[in-house]
Amino acid sequence: MRRRLPRRSPEETRALMLEAATKLVCAGASDTSEEAVSAALAHIRVKRVTEEATRIMRERLGDDTAPAITTGSIYQIWPAQADFQADLLFHLTSRQAELVPGLPESIRRFKEAVDSGTTWQEALNDVLTDNHENHRVDPVYRVLLGFYASAANPRVREALGHYGESFTEVACEAYQALLDAYGLRVRAPYTVEHLATTIAALLDGFHMRWIAGHPNLEDPEGDDRWSLATRAAVTVFDQFTEPA
């Protein structure tokens, strides 16, 4: 006798669909076709997402016979394909706006660095190295880069703006924690927001150059713990700050 499964709420179905679509987007990041390059989300169709969402749901339940998620139930959440893709884009940008390492982890590292006598330069390099290495291989980051070419679209521009603002807000907290830990402050007329924005723009450029395979990105001083990207970021941080 086939067992009855608990009904999913629309919010649970929405979360499952977005998770499934994210997996497909990440898989599609390695697609070199012209279609995939020109429109990173155009190939993410609702039918494919329901199939992936069904697979995820059945795997979690341990039941290969669990009823499949239907496209009909999805259109109750997103009336049109464009509505789904717009929601997915915001989901991707929200995920990407998280710090790597996370804010609590970054703050913990800064405090431990002070206690161990580590310089702020070394402490900042430690955190930014992890950030740089993560972005270089994160498929979602590569997908988002492709949307800058379509920023004339209001929904794309809004989503990218949401990503930039959200990331800067969290980065400001991390940089302020580093400033406080080492008795530093941002020199006038700059603000911590200017500092976070500048370093983010700098690192974005380095991420893209690494992804494209450009040379001369290693540390000029030959230290394997550093890179040209983190040397440049630390130099910017130094120029924007002074003793409190």
# chains A, B, ... in the order shown; residues from 1 in each chain; ligands from 1
>>> select_by_dssp(residues="stretch 63-230 of chain A", states="alpha helix (DSSP H)", output="short mmCIF file (atom, residue, chain, number, x, y, z; two decimals) with C-alpha atoms, in the first residue's frame")
data_model
loop_
_atom_site.label_atom_id
_atom_site.label_comp_id
_atom_site.auth_asym_id
_atom_site.auth_seq_id
_atom_site.Cartn_x
_atom_site.Cartn_y
_atom_site.Cartn_z
CA THR A 71 4.36 22.05 -13.45
CA GLY A 72 0.74 22.82 -12.62
CA SER A 73 1.55 23.31 -8.94
CA ILE A 74 4.47 25.56 -9.87
CA GLN A 81 8.32 31.56 -16.84
CA ALA A 82 9.64 35.13 -16.64
CA ASP A 83 8.32 35.48 -13.08
CA PHE A 84 10.17 32.33 -12.06
CA GLN A 85 13.44 33.46 -13.68
CA ALA A 86 13.22 36.88 -12.01
CA ASP A 87 12.70 35.25 -8.60
CA LEU A 88 15.57 32.86 -9.30
CA LEU A 89 17.89 35.75 -10.14
CA PHE A 90 17.13 37.41 -6.79
CA HIS A 91 17.70 34.06 -5.07
CA LEU A 92 21.11 33.72 -6.72
CA THR A 93 22.18 37.27 -5.86
CA SER A 94 21.06 36.83 -2.25
CA ARG A 95 23.12 33.67 -1.95
CA GLN A 96 26.15 35.33 -3.51
CA LEU A 103 30.94 37.44 9.14
CA PRO A 104 31.15 35.65 12.53
CA GLU A 105 34.13 33.61 11.29
CA SER A 106 35.90 36.74 9.96
CA ILE A 107 35.40 38.60 13.25
CA ARG A 108 36.66 35.58 15.19
CA ARG A 109 39.80 35.43 13.05
CA PHE A 110 40.50 39.13 13.56
CA LYS A 111 40.23 38.81 17.34
CA GLU A 112 42.46 35.74 17.40
CA ALA A 113 44.98 37.52 15.17
CA VAL A 114 45.25 40.41 17.63
CA ASP A 115 45.68 38.02 20.55
CA TRP A 120 46.42 43.44 10.53
CA GLN A 121 47.96 42.98 7.09
CA GLU A 122 48.37 39.25 7.67
CA ALA A 123 44.91 38.98 9.23
CA LEU A 124 43.28 40.72 6.26
CA ASN A 125 45.23 38.61 3.79
CA ASP A 126 44.04 35.44 5.56
CA VAL A 127 40.36 36.35 5.13
CA LEU A 128 40.65 37.82 1.62
CA THR A 129 42.59 34.78 0.38
CA ASP A 130 39.66 32.56 1.31
CA ASN A 131 37.27 34.99 -0.37
CA HIS A 132 39.35 35.13 -3.56
CA GLU A 133 39.77 31.36 -3.77
CA ASN A 134 36.03 30.81 -3.28
CA HIS A 135 34.95 33.28 -5.96
CA ARG A 136 37.38 31.87 -8.51
CA VAL A 137 35.61 28.50 -8.51
CA PRO A 139 29.74 28.61 -10.48
CA VAL A 140 27.03 30.99 -9.22
CA TYR A 141 29.53 33.87 -9.24
CA ARG A 142 30.39 33.09 -12.85
CA VAL A 143 26.72 33.07 -13.76
CA LEU A 144 26.16 36.45 -12.11
CA LEU A 145 29.07 37.97 -14.02
CA GLY A 146 27.20 37.24 -17.24
CA PHE A 147 24.26 39.36 -16.12
CA PRO A 154 15.32 46.74 -15.05
CA ARG A 155 14.85 43.43 -13.24
CA VAL A 156 18.45 42.40 -13.83
CA ARG A 157 19.69 45.81 -12.70
CA GLU A 158 17.53 45.63 -9.58
CA ALA A 159 18.81 42.16 -8.70
CA LEU A 160 22.46 43.14 -9.24
CA GLY A 161 21.88 46.28 -7.18
CA HIS A 162 20.42 44.14 -4.41
CA TYR A 163 23.50 41.91 -4.57
CA GLY A 164 25.92 44.85 -4.41
CA GLU A 165 24.15 46.59 -1.54
CA SER A 166 23.71 43.40 0.50
CA PHE A 167 27.33 42.35 0.08
CA THR A 168 28.67 45.83 0.90
CA GLU A 169 26.57 46.00 4.06
CA VAL A 170 28.04 42.77 5.42
CA ALA A 171 31.57 43.62 4.23
CA CYS A 172 31.37 46.94 6.09
CA GLU A 173 30.70 45.07 9.33
CA ALA A 174 33.71 42.84 8.73
CA TYR A 175 36.04 45.74 7.92
CA GLN A 176 34.79 47.74 10.88
CA ALA A 177 35.55 44.76 13.12
CA LEU A 178 39.11 44.69 11.74
CA LEU A 179 39.49 48.44 12.28
CA ASP A 180 38.24 48.19 15.87
CA ALA A 181 40.42 45.17 16.65
CA VAL A 192 33.96 52.33 5.61
CA GLU A 193 31.43 52.03 2.77
CA HIS A 194 33.96 53.60 0.39
CA LEU A 195 36.57 51.15 1.64
CA ALA A 196 34.32 48.10 1.21
CA THR A 197 33.14 49.22 -2.24
CA THR A 198 36.67 49.84 -3.49
CA ILE A 199 38.08 46.52 -2.28
CA ALA A 200 35.07 44.64 -3.68
CA ALA A 201 35.56 46.26 -7.09
CA LEU A 202 39.27 45.49 -6.97
CA LEU A 203 38.71 41.84 -6.08
CA ASP A 204 35.98 41.44 -8.72
CA GLY A 205 38.55 42.44 -11.31
CA PHE A 206 41.07 39.94 -9.99
CA HIS A 207 38.44 37.17 -9.81
CA MET A 208 37.57 37.74 -13.47
CA ARG A 209 41.21 37.86 -14.60
CA TRP A 210 41.92 34.58 -12.78
CA ILE A 211 38.85 32.93 -14.32
CA LEU A 228 48.76 40.00 -6.20
CA ALA A 229 45.04 40.41 -5.42
CA THR A 230 45.51 40.39 -1.65
#
>>> closest_residue(among="A:Arg48, A:Tyr75, A:Val100, A:Leu24", to="A:Pro10", atoms="only C-alpha atoms")
A:Tyr75
>>> residues_around(residues="A:Ser227", least_positions_apart="5", cutoff="9 Å", atoms="only C-alpha atoms", output="JSON, numbers by chain")
{"A": [125, 129, 217, 218, 219, 220, 221, 222, 232]}
>>> write_last_selection(atoms="all heavy atoms", output="mmCIF file, in the first residue's frame")
data_model
loop_
_atom_site.group_PDB
_atom_site.id
_atom_site.type_symbol
_atom_site.label_atom_id
_atom_site.label_comp_id
_atom_site.auth_asym_id
_atom_site.auth_seq_id
_atom_site.Cartn_x
_atom_site.Cartn_y
_atom_site.Cartn_z
ATOM 1 N N ASN A 125 44.860 39.523 4.863
ATOM 2 C CA ASN A 125 45.229 38.606 3.789
ATOM 3 C C ASN A 125 44.610 37.230 3.996
ATOM 4 O O ASN A 125 44.130 36.604 3.047
ATOM 5 C CB ASN A 125 46.746 38.471 3.717
ATOM 6 C CG ASN A 125 47.185 37.350 2.783
ATOM 7 O OD1 ASN A 125 46.960 37.390 1.577
ATOM 8 N ND2 ASN A 125 47.798 36.314 3.354
ATOM 9 N N THR A 129 42.135 35.936 1.164
ATOM 10 C CA THR A 129 42.590 34.779 0.382
ATOM 11 C C THR A 129 41.474 33.762 0.250
ATOM 12 O O THR A 129 41.219 33.220 -0.837
ATOM 13 C CB THR A 129 43.833 34.142 1.024
ATOM 14 O OG1 THR A 129 44.930 35.064 0.941
ATOM 15 C CG2 THR A 129 44.213 32.849 0.303
ATOM 16 N N LEU A 217 49.421 36.830 -11.780
ATOM 17 C CA LEU A 217 48.526 37.083 -10.658
ATOM 18 C C LEU A 217 49.086 36.547 -9.338
ATOM 19 O O LEU A 217 48.464 36.719 -8.292
ATOM 20 C CB LEU A 217 47.149 36.445 -10.924
ATOM 21 C CG LEU A 217 46.408 36.956 -12.166
ATOM 22 C CD1 LEU A 217 45.081 36.223 -12.330
ATOM 23 C CD2 LEU A 217 46.180 38.457 -12.074
ATOM 24 N N GLU A 218 50.263 35.932 -9.395
ATOM 25 C CA GLU A 218 50.860 35.409 -8.180
ATOM 26 C C GLU A 218 51.492 36.546 -7.367
ATOM 27 O O GLU A 218 51.628 37.674 -7.848
ATOM 28 C CB GLU A 218 51.922 34.355 -8.504
ATOM 29 C CG GLU A 218 53.117 34.882 -9.278
ATOM 30 C CD GLU A 218 52.901 34.984 -10.779
ATOM 31 O OE1 GLU A 218 51.784 34.643 -11.238
ATOM 32 O OE2 GLU A 218 53.845 35.400 -11.484
ATOM 33 N N ASP A 219 51.865 36.252 -6.149
ATOM 34 C CA ASP A 219 52.440 37.265 -5.269
ATOM 35 C C ASP A 219 53.805 37.719 -5.787
ATOM 36 O O ASP A 219 54.694 36.890 -5.996
ATOM 37 C CB ASP A 219 52.590 36.679 -3.852
ATOM 38 C CG ASP A 219 53.240 37.661 -2.892
ATOM 39 O OD1 ASP A 219 52.985 38.866 -3.030
ATOM 40 O OD2 ASP A 219 54.000 37.200 -2.010
ATOM 41 N N PRO A 220 53.990 39.027 -5.999
ATOM 42 C CA PRO A 220 55.293 39.521 -6.482
ATOM 43 C C PRO A 220 56.439 39.206 -5.533
ATOM 44 O O PRO A 220 57.603 39.128 -5.961
ATOM 45 C CB PRO A 220 55.068 41.040 -6.588
ATOM 46 C CG PRO A 220 53.592 41.195 -6.751
ATOM 47 C CD PRO A 220 52.996 40.099 -5.922
ATOM 48 N N GLU A 221 56.127 39.005 -4.234
ATOM 49 C CA GLU A 221 57.168 38.706 -3.257
ATOM 50 C C GLU A 221 57.422 37.199 -3.125
ATOM 51 O O GLU A 221 58.258 36.768 -2.326
ATOM 52 C CB GLU A 221 56.799 39.292 -1.898
ATOM 53 C CG GLU A 221 56.693 40.818 -1.917
ATOM 54 C CD GLU A 221 56.476 41.426 -0.546
ATOM 55 O OE1 GLU A 221 56.813 40.756 0.457
ATOM 56 O OE2 GLU A 221 55.973 42.550 -0.469
ATOM 57 N N GLY A 222 56.688 36.403 -3.900
ATOM 58 C CA GLY A 222 56.925 34.969 -3.918
ATOM 59 C C GLY A 222 56.429 34.213 -2.710
ATOM 60 O O GLY A 222 56.860 33.081 -2.466
ATOM 61 N N ALA A 232 47.295 43.913 -3.306
ATOM 62 C CA ALA A 232 46.658 45.154 -3.749
ATOM 63 C C ALA A 232 45.568 45.584 -2.777
ATOM 64 O O ALA A 232 45.436 46.772 -2.444
ATOM 65 C CB ALA A 232 46.067 44.964 -5.149
#
>>> atom_distance(atom1="atom CA of A:Cys26", atom2="atom CA of A:Thr65")
26.7 Å
>>> atom_distance(atom1="atom CA of A:Leu184", atom2="atom CA of A:Arg225")
24.0 Å
>>> decode(residues="stretch 178-213 of chain A", atoms="N, CA, C and O atoms", output="PDB file, in the first residue's frame")
ATOM      1  N   LEU A 178      37.656  44.688  11.875  1.00  0.00           N
ATOM      2  CA  LEU A 178      39.114  44.690  11.739  1.00  0.00           C
ATOM      3  C   LEU A 178      39.685  46.021  12.215  1.00  0.00           C
ATOM      4  O   LEU A 178      40.693  46.052  12.945  1.00  0.00           O
ATOM      5  N   LEU A 179      39.049  47.115  11.843  1.00  0.00           N
ATOM      6  CA  LEU A 179      39.490  48.443  12.283  1.00  0.00           C
ATOM      7  C   LEU A 179      39.478  48.544  13.806  1.00  0.00           C
ATOM      8  O   LEU A 179      40.452  49.008  14.422  1.00  0.00           O
ATOM      9  N   ASP A 180      38.379  48.110  14.412  1.00  0.00           N
ATOM     10  CA  ASP A 180      38.244  48.188  15.871  1.00  0.00           C
ATOM     11  C   ASP A 180      39.276  47.306  16.571  1.00  0.00           C
ATOM     12  O   ASP A 180      39.855  47.701  17.595  1.00  0.00           O
ATOM     13  N   ALA A 181      39.498  46.117  16.022  1.00  0.00           N
ATOM     14  CA  ALA A 181      40.422  45.175  16.653  1.00  0.00           C
ATOM     15  C   ALA A 181      41.845  45.709  16.679  1.00  0.00           C
ATOM     16  O   ALA A 181      42.590  45.465  17.639  1.00  0.00           O
ATOM     17  N   TYR A 182      42.218  46.479  15.654  1.00  0.00           N
ATOM     18  CA  TYR A 182      43.592  46.962  15.548  1.00  0.00           C
ATOM     19  C   TYR A 182      43.734  48.460  15.829  1.00  0.00           C
ATOM     20  O   TYR A 182      44.801  49.028  15.575  1.00  0.00           O
ATOM     21  N   GLY A 183      42.678  49.083  16.359  1.00  0.00           N
ATOM     22  CA  GLY A 183      42.777  50.493  16.708  1.00  0.00           C
ATOM     23  C   GLY A 183      42.978  51.405  15.517  1.00  0.00           C
ATOM     24  O   GLY A 183      43.764  52.356  15.565  1.00  0.00           O
ATOM     25  N   LEU A 184      42.272  51.125  14.436  1.00  0.00           N
ATOM     26  CA  LEU A 184      42.363  51.930  13.218  1.00  0.00           C
ATOM     27  C   LEU A 184      41.032  52.619  12.933  1.00  0.00           C
ATOM     28  O   LEU A 184      40.006  52.280  13.516  1.00  0.00           O
ATOM     29  N   ARG A 185      41.047  53.565  12.017  1.00  0.00           N
ATOM     30  CA  ARG A 185      39.828  54.219  11.548  1.00  0.00           C
ATOM     31  C   ARG A 185      40.018  54.609  10.089  1.00  0.00           C
ATOM     32  O   ARG A 185      41.159  54.698   9.595  1.00  0.00           O
ATOM     33  N   VAL A 186      38.909  54.799   9.394  1.00  0.00           N
ATOM     34  CA  VAL A 186      38.972  55.245   8.001  1.00  0.00           C
ATOM     35  C   VAL A 186      39.277  56.736   7.993  1.00  0.00           C
ATOM     36  O   VAL A 186      38.649  57.520   8.713  1.00  0.00           O
ATOM     37  N   ARG A 187      40.261  57.142   7.185  1.00  0.00           N
ATOM     38  CA  ARG A 187      40.657  58.549   7.138  1.00  0.00           C
ATOM     39  C   ARG A 187      39.643  59.366   6.340  1.00  0.00           C
ATOM     40  O   ARG A 187      39.064  58.883   5.355  1.00  0.00           O
ATOM     41  N   ALA A 188      39.397  60.607   6.791  1.00  0.00           N
ATOM     42  CA  ALA A 188      38.487  61.513   6.095  1.00  0.00           C
ATOM     43  C   ALA A 188      39.050  61.855   4.715  1.00  0.00           C
ATOM     44  O   ALA A 188      40.283  61.919   4.546  1.00  0.00           O
ATOM     45  N   PRO A 189      38.201  62.050   3.708  1.00  0.00           N
ATOM     46  CA  PRO A 189      36.731  62.112   3.766  1.00  0.00           C
ATOM     47  C   PRO A 189      36.062  60.768   3.478  1.00  0.00           C
ATOM     48  O   PRO A 189      34.870  60.700   3.232  1.00  0.00           O
ATOM     49  N   TYR A 190      36.838  59.682   3.529  1.00  0.00           N
ATOM     50  CA  TYR A 190      36.293  58.378   3.174  1.00  0.00           C
ATOM     51  C   TYR A 190      35.486  57.771   4.319  1.00  0.00           C
ATOM     52  O   TYR A 190      35.607  58.176   5.480  1.00  0.00           O
ATOM     53  N   THR A 191      34.678  56.782   3.969  1.00  0.00           N
ATOM     54  CA  THR A 191      33.889  56.044   4.944  1.00  0.00           C
ATOM     55  C   THR A 191      34.200  54.568   4.782  1.00  0.00           C
ATOM     56  O   THR A 191      34.829  54.150   3.789  1.00  0.00           O
ATOM     57  N   VAL A 192      33.743  53.766   5.729  1.00  0.00           N
ATOM     58  CA  VAL A 192      33.964  52.333   5.613  1.00  0.00           C
ATOM     59  C   VAL A 192      33.239  51.771   4.393  1.00  0.00           C
ATOM     60  O   VAL A 192      33.678  50.786   3.785  1.00  0.00           O
ATOM     61  N   GLU A 193      32.129  52.456   3.985  1.00  0.00           N
ATOM     62  CA  GLU A 193      31.425  52.025   2.770  1.00  0.00           C
ATOM     63  C   GLU A 193      32.303  52.234   1.535  1.00  0.00           C
ATOM     64  O   GLU A 193      32.318  51.399   0.623  1.00  0.00           O
ATOM     65  N   HIS A 194      33.042  53.370   1.502  1.00  0.00           N
ATOM     66  CA  HIS A 194      33.962  53.604   0.389  1.00  0.00           C
ATOM     67  C   HIS A 194      35.041  52.520   0.365  1.00  0.00           C
ATOM     68  O   HIS A 194      35.411  52.019  -0.704  1.00  0.00           O
ATOM     69  N   LEU A 195      35.535  52.176   1.531  1.00  0.00           N
ATOM     70  CA  LEU A 195      36.572  51.153   1.638  1.00  0.00           C
ATOM     71  C   LEU A 195      36.065  49.805   1.134  1.00  0.00           C
ATOM     72  O   LEU A 195      36.716  49.141   0.316  1.00  0.00           O
ATOM     73  N   ALA A 196      34.890  49.398   1.611  1.00  0.00           N
ATOM     74  CA  ALA A 196      34.321  48.104   1.211  1.00  0.00           C
ATOM     75  C   ALA A 196      34.024  48.064  -0.281  1.00  0.00           C
ATOM     76  O   ALA A 196      34.272  47.056  -0.954  1.00  0.00           O
ATOM     77  N   THR A 197      33.478  49.160  -0.812  1.00  0.00           N
ATOM     78  CA  THR A 197      33.142  49.220  -2.240  1.00  0.00           C
ATOM     79  C   THR A 197      34.391  49.122  -3.104  1.00  0.00           C
ATOM     80  O   THR A 197      34.419  48.411  -4.121  1.00  0.00           O
ATOM     81  N   THR A 198      35.438  49.827  -2.710  1.00  0.00           N
ATOM     82  CA  THR A 198      36.674  49.844  -3.487  1.00  0.00           C
ATOM     83  C   THR A 198      37.345  48.475  -3.504  1.00  0.00           C
ATOM     84  O   THR A 198      37.765  47.977  -4.561  1.00  0.00           O
ATOM     85  N   ILE A 199      37.432  47.839  -2.342  1.00  0.00           N
ATOM     86  CA  ILE A 199      38.080  46.525  -2.284  1.00  0.00           C
ATOM     87  C   ILE A 199      37.253  45.487  -3.037  1.00  0.00           C
ATOM     88  O   ILE A 199      37.804  44.613  -3.721  1.00  0.00           O
ATOM     89  N   ALA A 200      35.917  45.576  -2.941  1.00  0.00           N
ATOM     90  CA  ALA A 200      35.067  44.636  -3.675  1.00  0.00           C
ATOM     91  C   ALA A 200      35.274  44.779  -5.183  1.00  0.00           C
ATOM     92  O   ALA A 200      35.373  43.778  -5.907  1.00  0.00           O
ATOM     93  N   ALA A 201      35.339  46.028  -5.661  1.00  0.00           N
ATOM     94  CA  ALA A 201      35.556  46.263  -7.091  1.00  0.00           C
ATOM     95  C   ALA A 201      36.926  45.753  -7.519  1.00  0.00           C
ATOM     96  O   ALA A 201      37.080  45.150  -8.595  1.00  0.00           O
ATOM     97  N   LEU A 202      37.923  45.969  -6.676  1.00  0.00           N
ATOM     98  CA  LEU A 202      39.268  45.492  -6.966  1.00  0.00           C
ATOM     99  C   LEU A 202      39.304  43.972  -7.069  1.00  0.00           C
ATOM    100  O   LEU A 202      39.830  43.404  -8.032  1.00  0.00           O
ATOM    101  N   LEU A 203      38.703  43.297  -6.085  1.00  0.00           N
ATOM    102  CA  LEU A 203      38.713  41.840  -6.079  1.00  0.00           C
ATOM    103  C   LEU A 203      37.886  41.253  -7.214  1.00  0.00           C
ATOM    104  O   LEU A 203      38.246  40.213  -7.777  1.00  0.00           O
ATOM    105  N   ASP A 204      36.763  41.918  -7.568  1.00  0.00           N
ATOM    106  CA  ASP A 204      35.981  41.442  -8.715  1.00  0.00           C
ATOM    107  C   ASP A 204      36.855  41.383  -9.969  1.00  0.00           C
ATOM    108  O   ASP A 204      36.785  40.427 -10.744  1.00  0.00           O
ATOM    109  N   GLY A 205      37.659  42.412 -10.162  1.00  0.00           N
ATOM    110  CA  GLY A 205      38.554  42.438 -11.314  1.00  0.00           C
ATOM    111  C   GLY A 205      39.556  41.302 -11.278  1.00  0.00           C
ATOM    112  O   GLY A 205      39.801  40.629 -12.294  1.00  0.00           O
ATOM    113  N   PHE A 206      40.115  41.037 -10.118  1.00  0.00           N
ATOM    114  CA  PHE A 206      41.072  39.936  -9.987  1.00  0.00           C
ATOM    115  C   PHE A 206      40.395  38.579 -10.157  1.00  0.00           C
ATOM    116  O   PHE A 206      40.969  37.666 -10.763  1.00  0.00           O
ATOM    117  N   HIS A 207      39.174  38.431  -9.617  1.00  0.00           N
ATOM    118  CA  HIS A 207      38.441  37.173  -9.813  1.00  0.00           C
ATOM    119  C   HIS A 207      38.280  36.890 -11.304  1.00  0.00           C
ATOM    120  O   HIS A 207      38.527  35.773 -11.778  1.00  0.00           O
ATOM    121  N   MET A 208      37.843  37.920 -12.036  1.00  0.00           N
ATOM    122  CA  MET A 208      37.574  37.737 -13.465  1.00  0.00           C
ATOM    123  C   MET A 208      38.856  37.434 -14.240  1.00  0.00           C
ATOM    124  O   MET A 208      38.867  36.593 -15.151  1.00  0.00           O
ATOM    125  N   ARG A 209      39.951  38.111 -13.890  1.00  0.00           N
ATOM    126  CA  ARG A 209      41.211  37.855 -14.595  1.00  0.00           C
ATOM    127  C   ARG A 209      41.708  36.444 -14.322  1.00  0.00           C
ATOM    128  O   ARG A 209      42.256  35.777 -15.216  1.00  0.00           O
ATOM    129  N   TRP A 210      41.502  35.949 -13.090  1.00  0.00           N
ATOM    130  CA  TRP A 210      41.916  34.580 -12.781  1.00  0.00           C
ATOM    131  C   TRP A 210      41.073  33.588 -13.562  1.00  0.00           C
ATOM    132  O   TRP A 210      41.598  32.628 -14.120  1.00  0.00           O
ATOM    133  N   ILE A 211      39.750  33.819 -13.591  1.00  0.00           N
ATOM    134  CA  ILE A 211      38.845  32.926 -14.319  1.00  0.00           C
ATOM    135  C   ILE A 211      39.217  32.868 -15.807  1.00  0.00           C
ATOM    136  O   ILE A 211      39.158  31.815 -16.447  1.00  0.00           O
ATOM    137  N   ALA A 212      39.626  34.026 -16.360  1.00  0.00           N
ATOM    138  CA  ALA A 212      39.978  34.097 -17.783  1.00  0.00           C
ATOM    139  C   ALA A 212      41.381  33.569 -18.065  1.00  0.00           C
ATOM    140  O   ALA A 212      41.797  33.499 -19.229  1.00  0.00           O
ATOM    141  N   GLY A 213      42.100  33.207 -17.004  1.00  0.00           N
ATOM    142  CA  GLY A 213      43.420  32.622 -17.218  1.00  0.00           C
ATOM    143  C   GLY A 213      44.527  33.616 -17.479  1.00  0.00           C
ATOM    144  O   GLY A 213      45.561  33.260 -18.071  1.00  0.00           O
TER     145      GLY A 213
END
